[in-house]
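Worksheet: the structure to be examined is printed underneath.
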Amino acid sequence: DVKVTQSSRYLVKRTGEKVFLECVQDMDHENMFWYRQDPGLGLRLIYFSYDVKMKEKGDIPEGYSVSREKKERFSLILESASTNQTSMYLCASSLGLATGSSPLHFGNGTRLTVT
Amino acid sequence: SQQGEEDPQALSIQEGENATMNCSYKTSINNLQWYRQNSGRGLVHLILIRSNEREKHSGRLRVTLDTSKKSSSLLITASRAADTASYFCATVPNSGYSTLTFGKGTMLLVSP
């Protein structure tokens with residue numbers, strides 16, 4: 001079974017702090033994704049990566065950056081956390097191109113609160 | 001940008017009843033996927049149906065796809081309390097390289 005592990009289940013940070021959310025997958029998947037999930041807004045794609053050191057902006061990249069130095073690890077970085085970034089963050093991975101033929105495998109999420 | 005929209009937003013039924021959730025989307029697609037999310041957890045992939053398929057089964061799940069109406073439905077038969085979760089459809093537009101876009105989900109509550 002594919003395992004996608006997010007380093008923290010709950011995180012509380014202060015406004016202005018730099019925040020790192022880590023995600024590791026163990027199935028040698030090419031693609032990795034970061035989504036945020038908010039009530040009434042559903043899942044929105046922040047960034048994704050289809051290869052090591054490659055990254056692409058999703059629908060809401062502002063205020064975020066990502067890093068993919070190794071195939072199995074995809075980090076989401078909040079350069080200067082703000083209260084409107086309080087959310088559930090979900091990491092996912094998939095095999096091959098995400099053209100709808102590859103299911104996404106999700107981690108259990110990190111619930112981030114910025115105070 | 002929202003591609004798929006689920007209907008209803010919330011559904012409450014008794015154990016043993018069937019649950020039907022619908023998904024409508026806007027542009028042509030290659031495939032459509034359904035996911036399930038238990039409260040406070042990540043999403044789990046349930047089933048994928050390709051644009052040239054009309055119906056697909058997996059255990060108690062039955063998914064239909066009508067590309068002419070740009071809609072899909074997920075039927076859970078003989079529901080159980082453990083089926084309580086949110087259910088999402090996800091699509092990738094049939095145009096170039098693109099990623100899965102999720103709807104806002106249907107919250108299903110199955111009461112014992």
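Just so we're on the same page: first chain in the structure tokens is A, next is B, and so on; residues restart at 1 for each chain, and ligands are numbered from 1 in the order they show up.
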Query raised in the report: Would you list which chain B residues are within 12 Å of chain A using only C-alpha atoms, as a ChimeraX atom specification?
Result: /B:1-6,9,29-51,86-107
Requested in this report: Mind checking which residues fall within 10 Å of Thr83 (chain A), counting only C-alpha atoms, ignoring those fewer than 2 positions away in the same chain, and posting them as a PyMOL selection string?
Outcome: chain A and resi 13-16+81+85-87+112-115
Just write the chosen residues, all heavy atoms, as a short mmCIF file (atom, residue, chain, number, x, y, z; two decimals), in the first residue's frame.
data_model
loop_
_atom_site.label_atom_id
_atom_site.label_comp_id
_atom_site.auth_asym_id
_atom_site.auth_seq_id
_atom_site.Cartn_x
_atom_site.Cartn_y
_atom_site.Cartn_z
N LYS A 13 1.17 28.06 14.87
CA LYS A 13 2.26 29.00 14.61
C LYS A 13 1.77 30.43 14.79
O LYS A 13 0.57 30.70 14.75
CB LYS A 13 2.79 28.80 13.18
CG LYS A 13 3.43 27.44 12.95
CD LYS A 13 4.72 27.29 13.73
CE LYS A 13 5.37 25.95 13.46
NZ LYS A 13 6.62 25.79 14.23
N ARG A 14 2.73 31.31 14.96
CA ARG A 14 2.38 32.72 15.12
C ARG A 14 2.49 33.46 13.78
O ARG A 14 3.30 33.08 12.91
CB ARG A 14 3.31 33.37 16.14
CG ARG A 14 3.12 32.84 17.55
CD ARG A 14 3.82 33.74 18.55
NE ARG A 14 3.67 33.22 19.90
CZ ARG A 14 2.63 33.47 20.67
NH1 ARG A 14 1.63 34.21 20.22
NH2 ARG A 14 2.57 32.97 21.88
N THR A 15 1.74 34.50 13.65
CA THR A 15 1.79 35.35 12.46
C THR A 15 3.23 35.81 12.22
O THR A 15 3.92 36.23 13.15
CB THR A 15 0.90 36.59 12.66
OG1 THR A 15 -0.45 36.16 12.90
CG2 THR A 15 0.90 37.46 11.41
N GLY A 16 3.67 35.69 10.95
CA GLY A 16 5.00 36.13 10.58
C GLY A 16 6.05 35.04 10.63
O GLY A 16 7.15 35.22 10.09
N ALA A 81 3.84 33.34 7.81
CA ALA A 81 2.48 32.85 8.04
C ALA A 81 1.51 33.98 8.39
O ALA A 81 1.85 34.92 9.12
CB ALA A 81 2.49 31.82 9.15
N GLN A 85 -4.03 31.80 6.43
CA GLN A 85 -3.46 30.53 6.02
C GLN A 85 -3.80 29.41 7.01
O GLN A 85 -3.33 28.28 6.86
CB GLN A 85 -1.95 30.65 5.83
CG GLN A 85 -1.60 31.51 4.62
CD GLN A 85 -0.11 31.69 4.44
OE1 GLN A 85 0.62 32.03 5.39
NE2 GLN A 85 0.37 31.49 3.22
N THR A 86 -4.59 29.74 8.01
CA THR A 86 -5.13 28.71 8.90
C THR A 86 -6.02 27.80 8.07
O THR A 86 -6.97 28.25 7.43
CB THR A 86 -5.95 29.36 10.03
OG1 THR A 86 -5.06 30.04 10.91
CG2 THR A 86 -6.72 28.30 10.82
N SER A 87 -5.69 26.51 8.06
CA SER A 87 -6.39 25.59 7.17
C SER A 87 -5.93 24.16 7.42
O SER A 87 -4.99 23.92 8.19
CB SER A 87 -6.10 25.96 5.71
OG SER A 87 -6.86 25.19 4.80
N LEU A 112 -3.24 23.32 10.37
CA LEU A 112 -2.40 24.45 10.78
C LEU A 112 -3.27 25.58 11.28
O LEU A 112 -4.22 26.00 10.63
CB LEU A 112 -1.56 24.93 9.59
CG LEU A 112 -0.76 26.22 9.81
CD1 LEU A 112 0.35 25.99 10.83
CD2 LEU A 112 -0.18 26.74 8.50
N THR A 113 -2.91 26.07 12.45
CA THR A 113 -3.56 27.26 13.01
C THR A 113 -2.52 28.35 13.15
O THR A 113 -1.45 28.12 13.75
CB THR A 113 -4.18 26.97 14.39
OG1 THR A 113 -5.12 25.90 14.26
CG2 THR A 113 -4.88 28.21 14.94
N VAL A 114 -2.79 29.51 12.58
CA VAL A 114 -1.89 30.66 12.69
C VAL A 114 -2.58 31.70 13.57
O VAL A 114 -3.68 32.16 13.27
CB VAL A 114 -1.57 31.25 11.31
CG1 VAL A 114 -0.58 32.41 11.46
CG2 VAL A 114 -1.00 30.19 10.39
N THR A 115 -1.91 32.05 14.66
CA THR A 115 -2.53 32.98 15.62
C THR A 115 -1.84 34.35 15.59
O THR A 115 -0.71 34.46 15.10
CB THR A 115 -2.46 32.42 17.03
OG1 THR A 115 -1.08 32.25 17.39
CG2 THR A 115 -3.15 31.08 17.13
#
**Report entry** In chain B, DSSP strand (DSSP E or B) residues written as number ranges by chain
**Finding:** B: 4-7, 10-14, 19-25, 29-37, 43-50, 55-58, 61-66, 71-76, 85-93, 101-102, 106-111
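Taking CA of Lys69 (chain B) and CA of Asn22 (chain B) as the two end points, the separation is 11.8 Å.
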Residues at most 6 Å from Arg62 (chain B), counting only C-alpha atoms, excluding those fewer than 4 positions away in the same chain, as a tab-separated table (two decimals) with C-alpha atoms, in the first residue's frame?
chain	number	residue	atom	x	y	z
B	56	LYS	CA	-18.59	0.78	-13.02
B	57	HIS	CA	-18.97	-1.29	-9.86
B	74	LEU	CA	-22.17	7.51	-6.97
B	75	LEU	CA	-24.55	4.98	-5.45
Query raised in the report: Separation of CA of Tyr25 (chain B) and CA of Glu55 (chain B), in Å?
Result: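 So the answer is 17.0 Å.
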Report task. Quick one: pull the distance between CA of Leu109 (chain B) and CA of Leu61 (chain B), Å, one decimal. Result -> 16.2 Å
